[in-house]
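Novice: Following this message is one structure expressed as structure tokens.
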Amino acid sequence: MAVLKIYDQLLQFPLFQGMSHDDLEIVAGHIRFGFMKVSAGKRIVMAGDPCNQLYFVIGGMVKVEHFADDGRFSVLEHMSAPYVIQQEAIFGYYQRYTRNVSAQTDVSLLTIDKEEVLRLLEDFLVFRLNLVNHYATQTQKLTQQLWRGAPQTLRERVIRFLIAHCSYPAGSKTFFILMERLAQELNDSRLNVSRVLNQLQHDGLIELHRGRIIIPQLERLLM
């Protein structure tokens with residue numbers, strides 16, 4: 001891929017935003033990038049795989065699946081380019097992916113090995129600041145959640161549960177969860193939870209299927 005093409009692709013991602021034209025030319029010309037094409041339906045990473053490189057989705061759409069610790073429910077999200085697959089997993093205590101990511105459509109990926117990421121961090125202040133800002137923002141959001149007011153109704157608790165288990169607050173989501181398990185998570189009866197879910201479906205906010213809850217647009221639940 002030509003240097004100019006790499007330059008254009010990098011500008012899509014927050015990690016490179018704010019870097020000067022000269023710095024981006026150096027990055028595009030001297031950092032070793034990998035390029036991959038993944039066909040629709042193929043796996044890109046699996047939960048538990050070591051995170052030895054960053055995957056930048058530069059074209060297409062991926063499916064990202066999160067799992068409960070006991071494996072009894074999961075959440076499927078659909079993410080479009082530009083998107084970075086779990087960039088937080090490359091550092092820290094647990095340097096492994098915690099989600100399954102596969103290609104929903106044919107996907108184009110740009111990859112950077114961890115050694116090259118360390119070079120970027122050492123040589124470019126803006127890149128360091130962008131990565132620090134990413135981690136700081138994640139930490140701040142998690143801390144703020146602890147101080148949000150408690151939901152007053154079961155409907156609010158259901159909505160809080162759905163939103164809290166998604167990594168991106170917009171777009172289509174699918175929860176693979178049985179009604180009994182959702183009731184346990186919310187510490188309420190199956191009947192009461194069923195009534196709330198049916199009301200949300202009546203309001204056009206979710207679609208109910210056996211063992212599945214589809215949310216066409218999560219942002220509508222935030223309104």
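All residue names refer to the structure tokens as shown: chains lettered A, B, ... in order, residues numbered from 1 in each chain, ligands numbered from 1 in order.
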Would you mind listing what lies within 12 Å of Ser194 of chain A as JSON, numbers by chain, with only C-alpha atoms counted and same-chain residues fewer than 4 positions away left out?
Specialist: {"A": [154, 155, 158, 178, 179, 180, 181, 182, 183, 186, 188, 189, 190, 198, 199, 200, 201, 208, 209, 213]}
Novice: Excluding same-chain residues fewer than 3 positions from Asp69 of chain A, what lies within 12 Å of it counting only C-alpha atoms, as a list in words?
Specialist: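 Final neighbour list, sorted by chain and number: Ala47, His66, Arg72, Phe73, Ser74, Thr98 and Arg99 of chain A.
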Novice: Those selected residues, please, written with all heavy atoms and delivered as a PDB file, in the first residue's frame.
Specialist:
```pdb
ATOM      1  N   ALA A  47     -11.672 -14.800  21.981  1.00  0.00           N
ATOM      2  CA  ALA A  47     -11.448 -14.521  23.396  1.00  0.00           C
ATOM      3  C   ALA A  47     -10.408 -15.486  23.951  1.00  0.00           C
ATOM      4  O   ALA A  47     -10.501 -16.698  23.744  1.00  0.00           O
ATOM      5  CB  ALA A  47     -12.756 -14.647  24.167  1.00  0.00           C
ATOM      6  N   HIS A  66     -19.306 -10.496  23.303  1.00  0.00           N
ATOM      7  CA  HIS A  66     -18.857 -10.503  24.691  1.00  0.00           C
ATOM      8  C   HIS A  66     -19.591 -11.629  25.419  1.00  0.00           C
ATOM      9  O   HIS A  66     -20.749 -11.906  25.125  1.00  0.00           O
ATOM     10  CB  HIS A  66     -19.214  -9.196  25.411  1.00  0.00           C
ATOM     11  CG  HIS A  66     -19.027  -7.951  24.596  1.00  0.00           C
ATOM     12  ND1 HIS A  66     -18.272  -6.889  25.025  1.00  0.00           N
ATOM     13  CD2 HIS A  66     -19.515  -7.577  23.389  1.00  0.00           C
ATOM     14  CE1 HIS A  66     -18.307  -5.933  24.133  1.00  0.00           C
ATOM     15  NE2 HIS A  66     -19.060  -6.329  23.124  1.00  0.00           N
ATOM     16  N   ARG A  72     -23.154 -18.036  30.311  1.00  0.00           N
ATOM     17  CA  ARG A  72     -24.589 -18.298  30.177  1.00  0.00           C
ATOM     18  C   ARG A  72     -25.348 -17.200  29.443  1.00  0.00           C
ATOM     19  O   ARG A  72     -26.534 -17.355  29.181  1.00  0.00           O
ATOM     20  CB  ARG A  72     -25.195 -18.535  31.563  1.00  0.00           C
ATOM     21  CG  ARG A  72     -24.737 -19.847  32.211  1.00  0.00           C
ATOM     22  CD  ARG A  72     -25.360 -20.028  33.580  1.00  0.00           C
ATOM     23  NE  ARG A  72     -26.810 -20.020  33.534  1.00  0.00           N
ATOM     24  CZ  ARG A  72     -27.600 -19.837  34.594  1.00  0.00           C
ATOM     25  NH1 ARG A  72     -27.038 -19.626  35.794  1.00  0.00           N
ATOM     26  NH2 ARG A  72     -28.901 -19.839  34.477  1.00  0.00           N
ATOM     27  N   PHE A  73     -24.702 -16.107  29.120  1.00  0.00           N
ATOM     28  CA  PHE A  73     -25.310 -15.153  28.203  1.00  0.00           C
ATOM     29  C   PHE A  73     -24.212 -14.374  27.500  1.00  0.00           C
ATOM     30  O   PHE A  73     -23.056 -14.338  27.950  1.00  0.00           O
ATOM     31  CB  PHE A  73     -26.319 -14.228  28.901  1.00  0.00           C
ATOM     32  CG  PHE A  73     -25.720 -13.153  29.777  1.00  0.00           C
ATOM     33  CD1 PHE A  73     -25.398 -11.905  29.263  1.00  0.00           C
ATOM     34  CD2 PHE A  73     -25.516 -13.382  31.132  1.00  0.00           C
ATOM     35  CE1 PHE A  73     -24.881 -10.916  30.064  1.00  0.00           C
ATOM     36  CE2 PHE A  73     -24.993 -12.395  31.951  1.00  0.00           C
ATOM     37  CZ  PHE A  73     -24.670 -11.154  31.417  1.00  0.00           C
ATOM     38  N   SER A  74     -24.568 -13.799  26.363  1.00  0.00           N
ATOM     39  CA  SER A  74     -23.582 -13.050  25.585  1.00  0.00           C
ATOM     40  C   SER A  74     -24.275 -11.899  24.876  1.00  0.00           C
ATOM     41  O   SER A  74     -25.504 -11.848  24.771  1.00  0.00           O
ATOM     42  CB  SER A  74     -22.879 -13.955  24.573  1.00  0.00           C
ATOM     43  OG  SER A  74     -23.800 -14.446  23.606  1.00  0.00           O
ATOM     44  N   THR A  98     -10.729 -10.429  25.119  1.00  0.00           N
ATOM     45  CA  THR A  98     -11.822 -10.949  25.936  1.00  0.00           C
ATOM     46  C   THR A  98     -13.103 -11.107  25.121  1.00  0.00           C
ATOM     47  O   THR A  98     -14.153 -11.416  25.682  1.00  0.00           O
ATOM     48  CB  THR A  98     -12.087 -10.015  27.133  1.00  0.00           C
ATOM     49  OG1 THR A  98     -12.397  -8.698  26.642  1.00  0.00           O
ATOM     50  CG2 THR A  98     -10.871  -9.937  28.044  1.00  0.00           C
ATOM     51  N   ARG A  99     -13.012 -10.906  23.807  1.00  0.00           N
ATOM     52  CA  ARG A  99     -14.191 -10.988  22.942  1.00  0.00           C
ATOM     53  C   ARG A  99     -13.845 -11.763  21.676  1.00  0.00           C
ATOM     54  O   ARG A  99     -12.696 -11.785  21.251  1.00  0.00           O
ATOM     55  CB  ARG A  99     -14.674  -9.584  22.552  1.00  0.00           C
ATOM     56  CG  ARG A  99     -15.007  -8.727  23.764  1.00  0.00           C
ATOM     57  CD  ARG A  99     -15.055  -7.265  23.404  1.00  0.00           C
ATOM     58  NE  ARG A  99     -15.093  -6.458  24.631  1.00  0.00           N
ATOM     59  CZ  ARG A  99     -14.911  -5.153  24.661  1.00  0.00           C
ATOM     60  NH1 ARG A  99     -14.682  -4.489  23.541  1.00  0.00           N
ATOM     61  NH2 ARG A  99     -14.960  -4.495  25.800  1.00  0.00           N
TER      62      ARG A  99
END
```
Novice: What does the structure give for the distance between atom CA of Val57 of chain A and atom CA of Asn100 of chain A, in Å to one decimal?
Specialist: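 The value is 14.7 Å.
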Novice: Can you check which residues of segment 105-158 of chain A DSSP gives as helix (DSSP H, G or I) on the backbone and send them as a PyMOL selection string?
Specialist: chain A and resi 114-123+125-145+154-158
Novice: Could you give me the residues within segment 2-185 of chain A that DSSP places in strand (DSSP E), as a ChimeraX atom specification?
Specialist: /A:34-38,43-45,53-59,61-67,74-80,83-84,99-103,107-113,173-176
Novice: Using only C-alpha atoms, which residues sit within 12 Å of Leu129 of chain A once same-chain residues fewer than 6 positions away are excluded, as an MDAnalysis selection string?
Specialist: chainID A and resid 14:19 120:123 135:137
Novice: Record the distance separating atom CA of Arg96 of chain A and atom CA of Val45 of chain A, expressed in Å with one decimal.
Specialist: 10.0 Å
Novice: For Ser39 of chain A, which residue out of A:Val62, A:Leu131, A:Val27, A:Val193 is the nearest one, using only C-alpha atoms?
Specialist: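 Closest to Ser39 of chain A of all the choices is A:Val62.
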